[in-house]
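**Student:** So I've got this file, model.txt, and it contains compact mmCIF, C-alpha atoms:
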```
# COMPACT_ATOMS: atom_id res chain seq x y z
CA MET T 1 -9.32 39.53 29.57
CA SER T 2 -11.90 37.42 31.38
CA ARG T 3 -12.71 33.78 30.63
CA GLN T 4 -15.84 34.77 28.78
CA GLN T 5 -14.07 37.40 26.68
CA LEU T 6 -11.35 34.93 25.72
CA TYR T 7 -13.92 32.25 24.94
CA SER T 8 -15.94 34.49 22.62
CA ARG T 9 -12.78 35.74 20.99
CA GLY T 10 -11.86 32.12 20.25
CA VAL T 11 -15.28 31.56 18.70
CA ARG T 12 -14.90 34.72 16.63
CA ASP T 13 -11.37 33.91 15.41
CA SER T 14 -12.47 30.47 14.23
CA THR T 15 -15.57 31.61 12.32
CA ALA T 16 -13.90 31.43 8.89
CA MET T 17 -12.54 27.95 9.65
CA ALA T 18 -15.95 26.85 10.93
CA VAL T 19 -17.63 27.96 7.71
CA GLY T 20 -14.89 26.22 5.73
CA ILE T 21 -15.48 22.97 7.62
CA ILE T 22 -19.18 22.77 6.72
CA PRO T 23 -18.75 21.54 3.11
CA PHE T 24 -16.38 18.80 4.33
CA GLY T 25 -18.87 17.68 6.95
CA LEU T 26 -21.61 17.59 4.31
CA ILE T 27 -19.42 15.58 1.92
CA PHE T 28 -18.31 13.22 4.68
CA GLY T 29 -21.93 12.61 5.67
CA THR T 30 -23.05 11.83 2.12
CA LEU T 31 -20.06 9.54 1.47
CA ALA T 32 -20.53 7.73 4.79
CA GLY T 33 -24.14 7.09 3.87
CA ALA T 34 -23.06 5.83 0.43
CA ALA T 35 -20.55 3.49 2.15
CA HIS T 36 -23.49 1.95 4.07
CA LEU T 37 -22.79 3.43 7.47
CA SER T 38 -25.97 4.14 9.39
CA LEU T 39 -26.89 7.70 10.37
CA TRP T 40 -25.64 7.16 13.91
CA GLN T 41 -22.45 5.43 12.85
CA ALA T 42 -21.60 8.32 10.54
CA VAL T 43 -22.43 10.95 13.15
CA GLY T 44 -20.76 8.81 15.84
CA MET T 45 -17.54 8.78 13.84
CA SER T 46 -17.56 12.57 13.66
CA LEU T 47 -18.49 12.76 17.34
CA PHE T 48 -15.91 10.29 18.72
CA VAL T 49 -13.05 10.23 16.20
CA TYR T 50 -13.29 13.87 15.06
CA ALA T 51 -10.51 13.69 12.48
CA GLY T 52 -11.64 14.80 9.03
CA SER T 53 -8.98 13.36 6.74
CA ALA T 54 -8.81 10.03 8.61
CA GLN T 55 -12.59 9.75 8.41
CA PHE T 56 -12.57 10.40 4.66
CA ILE T 57 -9.83 7.86 4.03
CA VAL T 58 -11.49 5.21 6.19
CA ILE T 59 -14.76 5.67 4.30
CA SER T 60 -12.92 5.03 1.02
CA LEU T 61 -11.23 1.98 2.63
CA PHE T 62 -14.66 0.61 3.61
CA GLY T 63 -15.60 0.84 -0.05
CA ALA T 64 -12.44 -1.03 -1.07
CA GLY T 65 -13.10 -3.80 1.46
CA ALA T 66 -10.01 -3.19 3.58
CA SER T 67 -9.47 -5.26 6.75
CA THR T 68 -9.92 -3.87 10.26
CA LEU T 69 -6.17 -3.98 10.89
CA VAL T 70 -5.44 -1.92 7.78
CA ILE T 71 -8.13 0.62 8.69
CA LEU T 72 -6.73 1.07 12.21
CA LEU T 73 -3.14 1.24 10.94
CA THR T 74 -4.21 3.80 8.35
CA THR T 75 -5.90 5.86 11.06
CA PHE T 76 -2.65 5.70 13.00
CA ILE T 77 -0.50 6.81 10.05
CA VAL T 78 -2.88 9.49 8.81
CA ASN T 79 -3.16 10.98 12.30
CA LEU T 80 0.54 10.71 13.15
CA ARG T 81 0.90 14.42 12.38
CA HIS T 82 -1.14 15.14 15.50
CA VAL T 83 1.83 14.00 17.56
CA LEU T 84 3.68 16.95 16.08
CA TYR T 85 0.83 19.30 17.09
CA SER T 86 0.81 17.72 20.53
CA ALA T 87 4.55 18.29 20.80
CA THR T 88 4.28 21.90 19.59
CA LEU T 89 1.46 22.95 21.92
CA GLN T 90 2.56 20.86 24.88
CA PRO T 91 4.53 23.69 26.63
CA HIS T 92 1.30 25.74 26.75
CA VAL T 93 -0.72 23.03 28.50
CA SER T 94 1.86 21.54 30.85
CA GLN T 95 0.55 23.73 33.71
CA LEU T 96 -3.11 22.80 33.14
CA PRO T 97 -4.97 20.15 35.17
CA GLN T 98 -5.33 16.76 33.49
CA ARG T 99 -9.04 17.12 32.67
CA TRP T 100 -8.21 20.19 30.59
CA ARG T 101 -5.34 18.46 28.84
CA VAL T 102 -7.56 15.47 28.00
CA LEU T 103 -10.32 17.70 26.63
CA LEU T 104 -8.02 19.92 24.56
CA ALA T 105 -6.17 16.86 23.20
CA PHE T 106 -9.44 15.25 22.09
CA TRP T 107 -10.24 18.40 20.08
CA LEU T 108 -6.73 18.91 18.64
CA THR T 109 -7.39 18.97 14.86
CA ASP T 110 -5.44 20.62 12.02
CA GLU T 111 -7.77 23.63 12.07
CA THR T 112 -7.64 24.03 15.86
CA PHE T 113 -3.88 23.74 15.78
CA ALA T 114 -3.66 26.45 13.12
CA VAL T 115 -5.83 28.96 15.00
CA VAL T 116 -4.49 28.26 18.51
CA GLN T 117 -0.83 28.15 17.50
CA ARG T 118 -1.30 31.54 15.85
CA PHE T 119 -2.82 32.95 19.05
CA TYR T 120 0.14 31.79 21.17
CA LEU T 121 2.53 33.17 18.56
CA PHE T 122 1.02 36.67 18.84
CA HIS T 123 -0.05 36.79 22.49
CA GLY T 124 2.29 34.44 24.30
CA ASP T 125 1.20 32.39 27.30
CA LYS T 126 -1.76 34.26 28.78
CA PRO T 127 -2.95 32.73 32.06
CA LEU T 128 -6.45 31.98 30.80
CA ALA T 129 -5.52 31.22 27.17
CA HIS T 130 -7.09 27.77 27.42
CA TRP T 131 -10.50 29.46 27.45
CA TYR T 132 -9.68 30.96 24.06
CA TRP T 133 -8.68 27.48 22.90
CA LEU T 134 -11.98 26.12 24.24
CA GLY T 135 -13.91 28.73 22.22
CA VAL T 136 -12.09 27.68 19.04
CA THR T 137 -12.60 23.96 19.59
CA THR T 138 -16.26 24.01 20.59
CA SER T 139 -17.32 26.06 17.56
CA LEU T 140 -15.32 23.89 15.13
CA TYR T 141 -16.55 20.65 16.75
CA LEU T 142 -20.20 21.74 16.62
CA CYS T 143 -19.85 22.66 12.95
CA TRP T 144 -18.21 19.35 12.07
CA VAL T 145 -20.71 17.12 13.86
CA SER T 146 -23.82 18.99 12.73
CA SER T 147 -22.70 19.26 9.08
CA SER T 148 -21.94 15.50 9.10
CA LEU T 149 -25.50 14.86 10.26
CA VAL T 150 -26.97 17.12 7.58
CA GLY T 151 -24.74 15.39 4.98
CA VAL T 152 -26.13 11.94 5.81
CA LEU T 153 -29.70 13.21 5.56
CA PHE T 154 -28.90 14.92 2.26
CA GLY T 155 -27.36 11.72 0.90
CA GLN T 156 -30.46 9.74 1.83
CA ALA T 157 -32.65 12.28 0.01
CA VAL T 158 -30.56 12.07 -3.20
CA PRO T 159 -30.16 8.32 -3.89
CA ASP T 160 -27.73 8.15 -6.86
CA LEU T 161 -25.35 10.64 -5.27
CA ALA T 162 -22.60 7.98 -5.30
CA SER T 163 -22.36 8.04 -9.11
CA TRP T 164 -21.78 11.79 -9.23
CA GLY T 165 -18.12 11.52 -8.32
CA LEU T 166 -18.37 13.64 -5.16
CA GLU T 167 -15.23 11.91 -3.89
CA PHE T 168 -13.30 14.26 -6.15
CA ALA T 169 -13.93 16.84 -3.43
CA MET T 170 -11.55 14.79 -1.26
CA LEU T 171 -8.86 14.79 -3.92
CA ALA T 172 -9.31 18.55 -4.38
CA THR T 173 -9.05 19.08 -0.61
CA PHE T 174 -5.89 16.99 -0.30
CA ILE T 175 -4.37 18.77 -3.32
CA GLY T 176 -5.21 22.10 -1.65
CA ILE T 177 -3.41 20.97 1.52
CA VAL T 178 -0.39 19.31 -0.11
CA VAL T 179 0.56 21.75 -2.87
CA PRO T 180 1.31 24.70 -0.54
CA LEU T 181 3.50 22.35 1.54
CA LEU T 182 5.79 21.68 -1.45
CA ARG T 183 8.10 24.59 -0.76
CA ASN T 184 11.43 22.79 -0.85
CA PHE T 185 13.11 19.93 -2.64
CA PRO T 186 12.71 17.26 0.10
CA GLN T 187 8.95 17.93 0.33
CA ILE T 188 8.54 17.73 -3.45
CA ALA T 189 10.57 14.52 -3.58
CA ALA T 190 8.51 13.04 -0.72
CA ALA T 191 5.30 13.79 -2.67
CA LEU T 192 6.63 12.34 -5.95
CA VAL T 193 8.04 9.20 -4.34
CA ALA T 194 4.91 8.58 -2.29
CA GLY T 195 2.76 9.01 -5.39
CA ALA T 196 4.96 6.72 -7.50
CA VAL T 197 5.12 3.99 -4.84
CA ALA T 198 1.35 4.23 -4.38
CA LEU T 199 0.89 3.62 -8.12
CA ALA T 200 3.40 0.76 -8.17
CA THR T 201 1.81 -0.97 -5.18
CA HIS T 202 -1.87 -0.28 -5.90
CA ALA T 203 -2.52 -3.98 -6.56
CA LEU T 204 -1.42 -5.02 -3.05
CA PRO T 205 -4.33 -6.32 -0.97
CA TYR T 206 -6.06 -4.29 1.76
CA LYS T 207 -4.55 -1.01 0.57
CA LEU T 208 -1.21 -1.95 2.11
CA GLY T 209 0.36 0.06 -0.70
CA LEU T 210 -0.79 3.26 1.03
CA MET T 211 1.47 2.50 3.96
CA ALA T 212 4.40 1.45 1.78
CA ALA T 213 3.98 4.71 -0.14
CA ALA T 214 3.70 6.86 3.00
CA PHE T 215 6.83 5.39 4.60
CA SER T 216 8.81 5.67 1.34
CA GLY T 217 7.87 9.32 0.98
CA ILE T 218 8.74 10.11 4.61
CA ALA T 219 12.08 8.28 4.34
CA ILE T 220 13.07 10.12 1.15
CA GLY T 221 12.12 13.46 2.69
CA VAL T 222 14.23 12.88 5.81
CA VAL T 223 17.24 11.53 3.86
CA LEU T 224 17.23 14.48 1.44
CA GLU T 225 16.74 17.02 4.24
CA ARG T 226 19.76 15.62 6.06
CA GLN T 227 21.88 15.69 2.90
CA LEU T 228 20.87 19.29 2.20
CA ASP T 229 21.79 20.24 5.76
CA LYS T 230 25.22 18.68 5.34
CA SER T 231 26.18 20.30 2.02
CA PRO T 232 23.71 22.99 1.03
CA ARG T 233 25.81 24.57 -1.74
CA GLU T 234 26.71 21.37 -3.52
CA VAL T 235 23.13 20.16 -3.77
CA HIS T 236 21.66 23.50 -4.80
CA SER T 237 24.17 24.23 -7.59
CA MET Y 1 -22.13 -4.17 14.68
CA SER Y 2 -18.40 -4.29 13.90
CA TYR Y 3 -18.48 -0.74 12.51
CA TRP Y 4 -18.93 0.55 16.06
CA TRP Y 5 -15.82 -1.30 17.28
CA LEU Y 6 -13.93 0.17 14.36
CA ILE Y 7 -15.13 3.67 15.23
CA LEU Y 8 -14.13 3.20 18.87
CA GLY Y 9 -10.73 1.85 17.78
CA MET Y 10 -10.19 4.86 15.52
CA ALA Y 11 -11.26 7.17 18.35
CA ALA Y 12 -8.81 5.54 20.78
CA ILE Y 13 -5.91 5.73 18.31
CA THR Y 14 -6.65 9.33 17.36
CA PHE Y 15 -6.98 10.45 20.96
CA THR Y 16 -3.80 8.63 22.01
CA LEU Y 17 -1.81 10.41 19.29
CA ARG Y 18 -3.23 13.81 20.19
CA TYR Y 19 -2.77 13.29 23.91
CA SER Y 20 0.70 11.70 23.54
CA LEU Y 21 2.86 14.64 24.53
CA PHE Y 22 0.23 16.32 26.69
CA ALA Y 23 0.46 13.22 28.91
CA PHE Y 24 4.25 13.24 29.19
CA PRO Y 25 5.49 16.83 29.45
CA HIS Y 26 9.11 15.69 29.61
CA LEU Y 27 9.13 13.24 26.70
CA ARG Y 28 11.01 14.34 23.57
CA PHE Y 29 11.40 12.61 20.21
CA ALA Y 30 14.69 11.91 18.49
CA PRO Y 31 15.48 14.53 15.82
CA VAL Y 32 15.04 12.00 13.01
CA VAL Y 33 11.48 11.24 14.16
CA ARG Y 34 10.64 14.93 14.42
CA GLN Y 35 11.97 15.44 10.90
CA GLY Y 36 9.93 12.50 9.68
CA LEU Y 37 6.73 13.96 11.13
CA HIS Y 38 7.16 16.99 8.86
CA TYR Y 39 6.72 14.74 5.81
CA VAL Y 40 3.70 12.80 7.02
CA PRO Y 41 0.98 15.04 5.50
CA THR Y 42 2.82 15.34 2.17
CA ALA Y 43 3.54 11.61 1.85
CA VAL Y 44 0.15 10.29 2.96
CA LEU Y 45 -1.94 12.75 0.97
CA SER Y 46 0.17 12.36 -2.20
CA ALA Y 47 -0.17 8.57 -1.88
CA ILE Y 48 -3.94 9.06 -2.02
CA VAL Y 49 -4.16 11.82 -4.61
CA VAL Y 50 -1.92 10.33 -7.33
CA PRO Y 51 -3.73 6.96 -7.63
CA GLY Y 52 -7.05 8.78 -7.21
CA MET Y 53 -6.31 10.69 -10.40
CA LEU Y 54 -4.69 7.91 -12.47
CA LEU Y 55 -6.69 4.91 -11.20
CA PRO Y 56 -10.09 6.44 -10.37
CA ASP Y 57 -11.77 3.06 -9.77
CA GLY Y 58 -8.78 1.84 -7.75
CA GLU Y 59 -7.90 -0.93 -10.22
CA HIS Y 60 -7.58 0.22 -13.83
CA TRP Y 61 -5.25 2.78 -15.33
CA ALA Y 62 -7.14 5.66 -16.94
CA LEU Y 63 -4.55 7.60 -18.91
CA SER Y 64 -6.96 9.30 -21.25
CA LEU Y 65 -8.39 12.73 -21.97
CA ASP Y 66 -11.89 11.69 -20.89
CA ASN Y 67 -10.67 10.86 -17.36
CA ALA Y 68 -12.19 13.83 -15.51
CA TYR Y 69 -10.35 12.88 -12.29
CA LEU Y 70 -6.98 13.27 -14.03
CA MET Y 71 -7.80 16.37 -16.05
CA ALA Y 72 -9.58 18.25 -13.26
CA GLY Y 73 -6.91 17.05 -10.81
CA LEU Y 74 -4.17 18.68 -12.89
CA VAL Y 75 -6.18 21.91 -13.09
CA THR Y 76 -6.73 21.74 -9.30
CA ILE Y 77 -2.98 21.39 -8.71
CA ALA Y 78 -2.43 24.47 -10.88
CA ILE Y 79 -5.07 26.43 -8.95
CA ALA Y 80 -3.48 25.39 -5.64
CA ALA Y 81 0.00 26.37 -6.83
CA VAL Y 82 -1.17 29.81 -7.97
CA THR Y 83 -3.66 30.74 -5.22
CA ARG Y 84 -2.33 28.71 -2.23
CA HIS Y 85 -5.87 29.11 -0.92
CA LEU Y 86 -7.66 25.96 0.27
CA LEU Y 87 -11.27 26.91 -0.37
CA ALA Y 88 -10.47 28.50 -3.75
CA THR Y 89 -8.68 25.27 -4.71
CA ILE Y 90 -11.59 23.06 -3.67
CA GLY Y 91 -14.23 25.31 -5.23
CA GLY Y 92 -12.34 25.79 -8.49
CA GLY Y 93 -11.38 22.11 -8.71
CA LEU Y 94 -14.94 20.88 -8.15
CA LEU Y 95 -16.29 23.36 -10.69
CA VAL Y 96 -13.86 22.15 -13.37
CA PHE Y 97 -14.49 18.50 -12.44
CA PHE Y 98 -18.27 18.70 -12.74
CA LEU Y 99 -18.13 20.86 -15.88
CA LEU Y 100 -15.86 18.24 -17.48
CA ARG Y 101 -18.07 15.33 -16.42
CA TRP Y 102 -21.12 17.18 -17.69
CA MET Y 103 -19.48 17.88 -21.07
CA LEU Y 104 -18.32 14.26 -21.32
CA GLY Y 105 -21.83 13.04 -20.48
CA GLN Y 106 -20.64 11.23 -17.33
CA LEU Y 107 -23.24 12.67 -14.96
CA PRO Y 108 -26.49 10.80 -14.20
CA LEU Y 109 -28.72 13.55 -15.54
```
Could I get this file's structure written as structure tokens?
**Tutor:**
Amino acid sequence: MSRQQLYSRGVRDSTAMAVGIIPFGLIFGTLAGAAHLSLWQAVGMSLFVYAGSAQFIVISLFGAGASTLVILLTTFIVNLRHVLYSATLQPHVSQLPQRWRVLLAFWLTDETFAVVQRFYLFHGDKPLAHWYWLGVTTSLYLCWVSSSLVGVLFGQAVPDLASWGLEFAMLATFIGIVVPLLRNFPQIAAALVAGAVALATHALPYKLGLMAAAFSGIAIGVVLERQLDKSPREVHS
Amino acid sequence: MSYWWLILGMAAITFTLRYSLFAFPHLRFAPVVRQGLHYVPTAVLSAIVVPGMLLPDGEHWALSLDNAYLMAGLVTIAIAAVTRHLLATIGGGLLVFFLLRWMLGQLPL
């Protein structure tokens, strides 16, 4: 296939994801406006950071008056999973020139990872596969940035939007992402421990409890996974 | 404005994480770190969802039947467990949430 064919196939394969991203962009835009970010700051965050869940969490941290350090640390922790994506896709980009690797890394979101990883799984390492990847990323990026913009404008048009409880959409989204991940005991334990520690530490200043909770959950998950690996029968029975 | 510095800081951190292994094709993590990365989404998102349902304002416990965040959250978890479909979960959850808030008279209508 030619570059153009691969590119348009990437756009086509990501259409469902792109449509699915629009409501999040709209919600992000309205919440960013409610958190007193200007139109350009809200759109700028989508344009430069381009990380949906981190953007949502940071907006809620703004509302809670968190410090800069906590916001940056939270961004780091929330986006740590991208290192895993980077590690997974790295063999497919190691032959590409640096400008391609920089560009594709900037656009490496959960959704992009899902679509592109699936393509490599089915088609292997095609020589021009990065054009497919480019098709996926540009369509998702355009959708995210433009729906963020529309969301801010919408929020400005509907002034008491903040009291509607739209932030529940975030909870629903996170629930929709987490619940299907809870397929084994260590994952379930990680979720329960993280939730419990978050409740126990909610009074800590600057949302530091979020980090305590995240690290506790991760630690429990790893410890249990290692124990299960050592003696699978004992633990299951 | 300090918000712009924050946005640039977030952008730098996010890009660094995404570019990390693209920059060093030969770098590999220790197995324990790789294992830990598998639990990052679960742990972080649960740490946000659970207090979001039980302490909706971030400070006060709301263990009551008129807490729409808790009630609709539980329904949303059930929808997610049954359908395992992201958009169905979000759509169904939001529908239940706003219906509940409407019935409880918590919407600014």
**Student:** Counting only C-alpha atoms, what is within 9 Å of Val40 of chain Y, bar same-chain residues fewer than 4 positions away, as a PDB file with C-alpha atoms, keeping the file's coordinate frame?
**Tutor:**
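This is the output file selection-v3.pdb:
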```pdb
ATOM      1  CA  ILE T  77      -0.500   6.810  10.050  1.00  0.00           C
ATOM      2  CA  VAL T  78      -2.880   9.490   8.810  1.00  0.00           C
ATOM      3  CA  ASN T  79      -3.160  10.980  12.300  1.00  0.00           C
ATOM      4  CA  LEU T  80       0.540  10.710  13.150  1.00  0.00           C
ATOM      5  CA  ARG T  81       0.900  14.420  12.380  1.00  0.00           C
ATOM      6  CA  ALA T 214       3.700   6.860   3.000  1.00  0.00           C
ATOM      7  CA  PHE T 215       6.830   5.390   4.600  1.00  0.00           C
ATOM      8  CA  GLY T 217       7.870   9.320   0.980  1.00  0.00           C
ATOM      9  CA  ILE T 218       8.740  10.110   4.610  1.00  0.00           C
TER      10      ILE T 218
ATOM     11  CA  GLY Y  36       9.930  12.500   9.680  1.00  0.00           C
ATOM     12  CA  VAL Y  44       0.150  10.290   2.960  1.00  0.00           C
ATOM     13  CA  LEU Y  45      -1.940  12.750   0.970  1.00  0.00           C
TER      14      LEU Y  45
END
```
**Student:** Do you know which residues are at most 10 Å from Ala47 of chain Y counting all atoms listed in the file, after dropping those on the same chain fewer than 5 positions away, and could you put them as a PyMOL selection string?
**Tutor:** (chain T and resi 190-199+202+209-214+216-217) or (chain Y and resi 41-42+52)
**Student:** Give me a file of those residues, with C-alpha atoms, as a PDB file, in the coordinates of the input.
**Tutor:**
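Final file, selection08.pdb:
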```
ATOM      1  CA  ALA T 190       8.510  13.040  -0.720  1.00  0.00           C
ATOM      2  CA  ALA T 191       5.300  13.790  -2.670  1.00  0.00           C
ATOM      3  CA  LEU T 192       6.630  12.340  -5.950  1.00  0.00           C
ATOM      4  CA  VAL T 193       8.040   9.200  -4.340  1.00  0.00           C
ATOM      5  CA  ALA T 194       4.910   8.580  -2.290  1.00  0.00           C
ATOM      6  CA  GLY T 195       2.760   9.010  -5.390  1.00  0.00           C
ATOM      7  CA  ALA T 196       4.960   6.720  -7.500  1.00  0.00           C
ATOM      8  CA  VAL T 197       5.120   3.990  -4.840  1.00  0.00           C
ATOM      9  CA  ALA T 198       1.350   4.230  -4.380  1.00  0.00           C
ATOM     10  CA  LEU T 199       0.890   3.620  -8.120  1.00  0.00           C
ATOM     11  CA  HIS T 202      -1.870  -0.280  -5.900  1.00  0.00           C
ATOM     12  CA  GLY T 209       0.360   0.060  -0.700  1.00  0.00           C
ATOM     13  CA  LEU T 210      -0.790   3.260   1.030  1.00  0.00           C
ATOM     14  CA  MET T 211       1.470   2.500   3.960  1.00  0.00           C
ATOM     15  CA  ALA T 212       4.400   1.450   1.780  1.00  0.00           C
ATOM     16  CA  ALA T 213       3.980   4.710  -0.140  1.00  0.00           C
ATOM     17  CA  ALA T 214       3.700   6.860   3.000  1.00  0.00           C
ATOM     18  CA  SER T 216       8.810   5.670   1.340  1.00  0.00           C
ATOM     19  CA  GLY T 217       7.870   9.320   0.980  1.00  0.00           C
TER      20      GLY T 217
ATOM     21  CA  PRO Y  41       0.980  15.040   5.500  1.00  0.00           C
ATOM     22  CA  THR Y  42       2.820  15.340   2.170  1.00  0.00           C
ATOM     23  CA  GLY Y  52      -7.050   8.780  -7.210  1.00  0.00           C
TER      24      GLY Y  52
END
```
**Student:** Counting all atoms listed in the file, which of T:Leu84, T:Leu72, T:Val136, T:Val222 gets nearest to Ser20 of chain Y?
**Tutor:** T:Leu84
**Student:** Need the shell around Gly93 of chain Y: protein/DNA/RNA residues with any atom at most 8 Å away, counting only C-alpha atoms. Skip same-chain ones fewer than 3 positions apart. Format as a ChimeraX atom specification?
**Tutor:** /T:169,172 /Y:72-73,75-76,79,89-90,96-97
**Student:** With C-alpha atoms retained, could you export that selection as an mmCIF file, in the coordinates of the input?
**Tutor:**
```
data_model
loop_
_atom_site.group_PDB
_atom_site.id
_atom_site.type_symbol
_atom_site.label_atom_id
_atom_site.label_comp_id
_atom_site.auth_asym_id
_atom_site.auth_seq_id
_atom_site.Cartn_x
_atom_site.Cartn_y
_atom_site.Cartn_z
ATOM 1 C CA ALA T 169 -13.930 16.840 -3.430
ATOM 2 C CA ALA T 172 -9.310 18.550 -4.380
ATOM 3 C CA ALA Y 72 -9.580 18.250 -13.260
ATOM 4 C CA GLY Y 73 -6.910 17.050 -10.810
ATOM 5 C CA VAL Y 75 -6.180 21.910 -13.090
ATOM 6 C CA THR Y 76 -6.730 21.740 -9.300
ATOM 7 C CA ILE Y 79 -5.070 26.430 -8.950
ATOM 8 C CA THR Y 89 -8.680 25.270 -4.710
ATOM 9 C CA ILE Y 90 -11.590 23.060 -3.670
ATOM 10 C CA VAL Y 96 -13.860 22.150 -13.370
ATOM 11 C CA PHE Y 97 -14.490 18.500 -12.440
#
```
**Student:** Kindly indicate which residue among Y:Leu17, Y:Thr83, Y:Pro31, Y:Leu74 lies nearest to chain T, using all atoms listed in the file for the distances.
**Tutor:**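 Nearest candidate to chain T out of Y:Leu17, Y:Thr83, Y:Pro31, Y:Leu74: Y:Leu17.
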**Student:** Using only C-alpha atoms, determine which residues lie at most 8 Å from segment 107-117 of chain T, disregarding the query and same-chain residues fewer than 4 positions distant; provide the list as a ChimeraX atom specification.
**Tutor:** /T:13-14,17,50-51,82,85-86,89,103,121,133,136-137,140-141 /Y:18
**Student:** Only N, CA and C atoms, please: segment 145-162 of chain T from the block, as an mmCIF file, in the first residue's frame.
**Tutor:**
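Saved result, decode.cif, follows:
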```cif
data_model
loop_
_atom_site.group_PDB
_atom_site.id
_atom_site.type_symbol
_atom_site.label_atom_id
_atom_site.label_comp_id
_atom_site.auth_asym_id
_atom_site.auth_seq_id
_atom_site.Cartn_x
_atom_site.Cartn_y
_atom_site.Cartn_z
ATOM 1 N N VAL T 145 -8.680 18.596 20.030
ATOM 2 C CA VAL T 145 -8.453 20.036 20.149
ATOM 3 C C VAL T 145 -9.713 20.817 19.775
ATOM 4 N N SER T 146 -10.377 20.415 18.681
ATOM 5 C CA SER T 146 -11.541 21.199 18.259
ATOM 6 C C SER T 146 -12.709 21.003 19.220
ATOM 7 N N SER T 147 -12.894 19.785 19.774
ATOM 8 C CA SER T 147 -14.006 19.615 20.710
ATOM 9 C C SER T 147 -13.723 20.337 22.035
ATOM 10 N N SER T 148 -12.431 20.469 22.413
ATOM 11 C CA SER T 148 -12.103 21.264 23.603
ATOM 12 C C SER T 148 -12.531 22.715 23.399
ATOM 13 N N LEU T 149 -12.216 23.238 22.224
ATOM 14 C CA LEU T 149 -12.566 24.628 21.890
ATOM 15 C C LEU T 149 -14.075 24.839 21.960
ATOM 16 N N VAL T 150 -14.823 23.922 21.323
ATOM 17 C CA VAL T 150 -16.283 24.035 21.332
ATOM 18 C C VAL T 150 -16.806 23.947 22.767
ATOM 19 N N GLY T 151 -16.185 23.074 23.589
ATOM 20 C CA GLY T 151 -16.596 22.924 24.985
ATOM 21 C C GLY T 151 -16.460 24.214 25.778
ATOM 22 N N VAL T 152 -15.349 24.932 25.595
ATOM 23 C CA VAL T 152 -15.165 26.203 26.303
ATOM 24 C C VAL T 152 -16.248 27.194 25.906
ATOM 25 N N LEU T 153 -16.508 27.287 24.596
ATOM 26 C CA LEU T 153 -17.525 28.220 24.109
ATOM 27 C C LEU T 153 -18.901 27.853 24.664
ATOM 28 N N PHE T 154 -19.187 26.568 24.699
ATOM 29 C CA PHE T 154 -20.452 26.075 25.234
ATOM 30 C C PHE T 154 -20.588 26.442 26.715
ATOM 31 N N GLY T 155 -19.495 26.242 27.465
ATOM 32 C CA GLY T 155 -19.510 26.573 28.886
ATOM 33 C C GLY T 155 -19.751 28.048 29.132
ATOM 34 N N GLN T 156 -19.187 28.895 28.263
ATOM 35 C CA GLN T 156 -19.391 30.341 28.414
ATOM 36 C C GLN T 156 -20.844 30.720 28.130
ATOM 37 N N ALA T 157 -21.492 29.954 27.222
ATOM 38 C CA ALA T 157 -22.874 30.271 26.860
ATOM 39 C C ALA T 157 -23.850 29.828 27.942
ATOM 40 N N VAL T 158 -23.475 28.796 28.723
ATOM 41 C CA VAL T 158 -24.358 28.272 29.776
ATOM 42 C C VAL T 158 -23.688 28.514 31.120
ATOM 43 N N PRO T 159 -23.985 29.651 31.790
ATOM 44 C CA PRO T 159 -23.185 30.100 32.929
ATOM 45 C C PRO T 159 -23.199 29.177 34.152
ATOM 46 N N ASP T 160 -24.354 28.636 34.583
ATOM 47 C CA ASP T 160 -24.332 27.848 35.829
ATOM 48 C C ASP T 160 -24.090 26.358 35.570
ATOM 49 N N LEU T 161 -23.325 26.091 34.506
ATOM 50 C CA LEU T 161 -22.998 24.720 34.140
ATOM 51 C C LEU T 161 -22.265 23.987 35.274
ATOM 52 N N ALA T 162 -21.476 24.759 36.059
ATOM 53 C CA ALA T 162 -20.669 24.145 37.116
ATOM 54 C C ALA T 162 -21.523 23.440 38.162
#
```
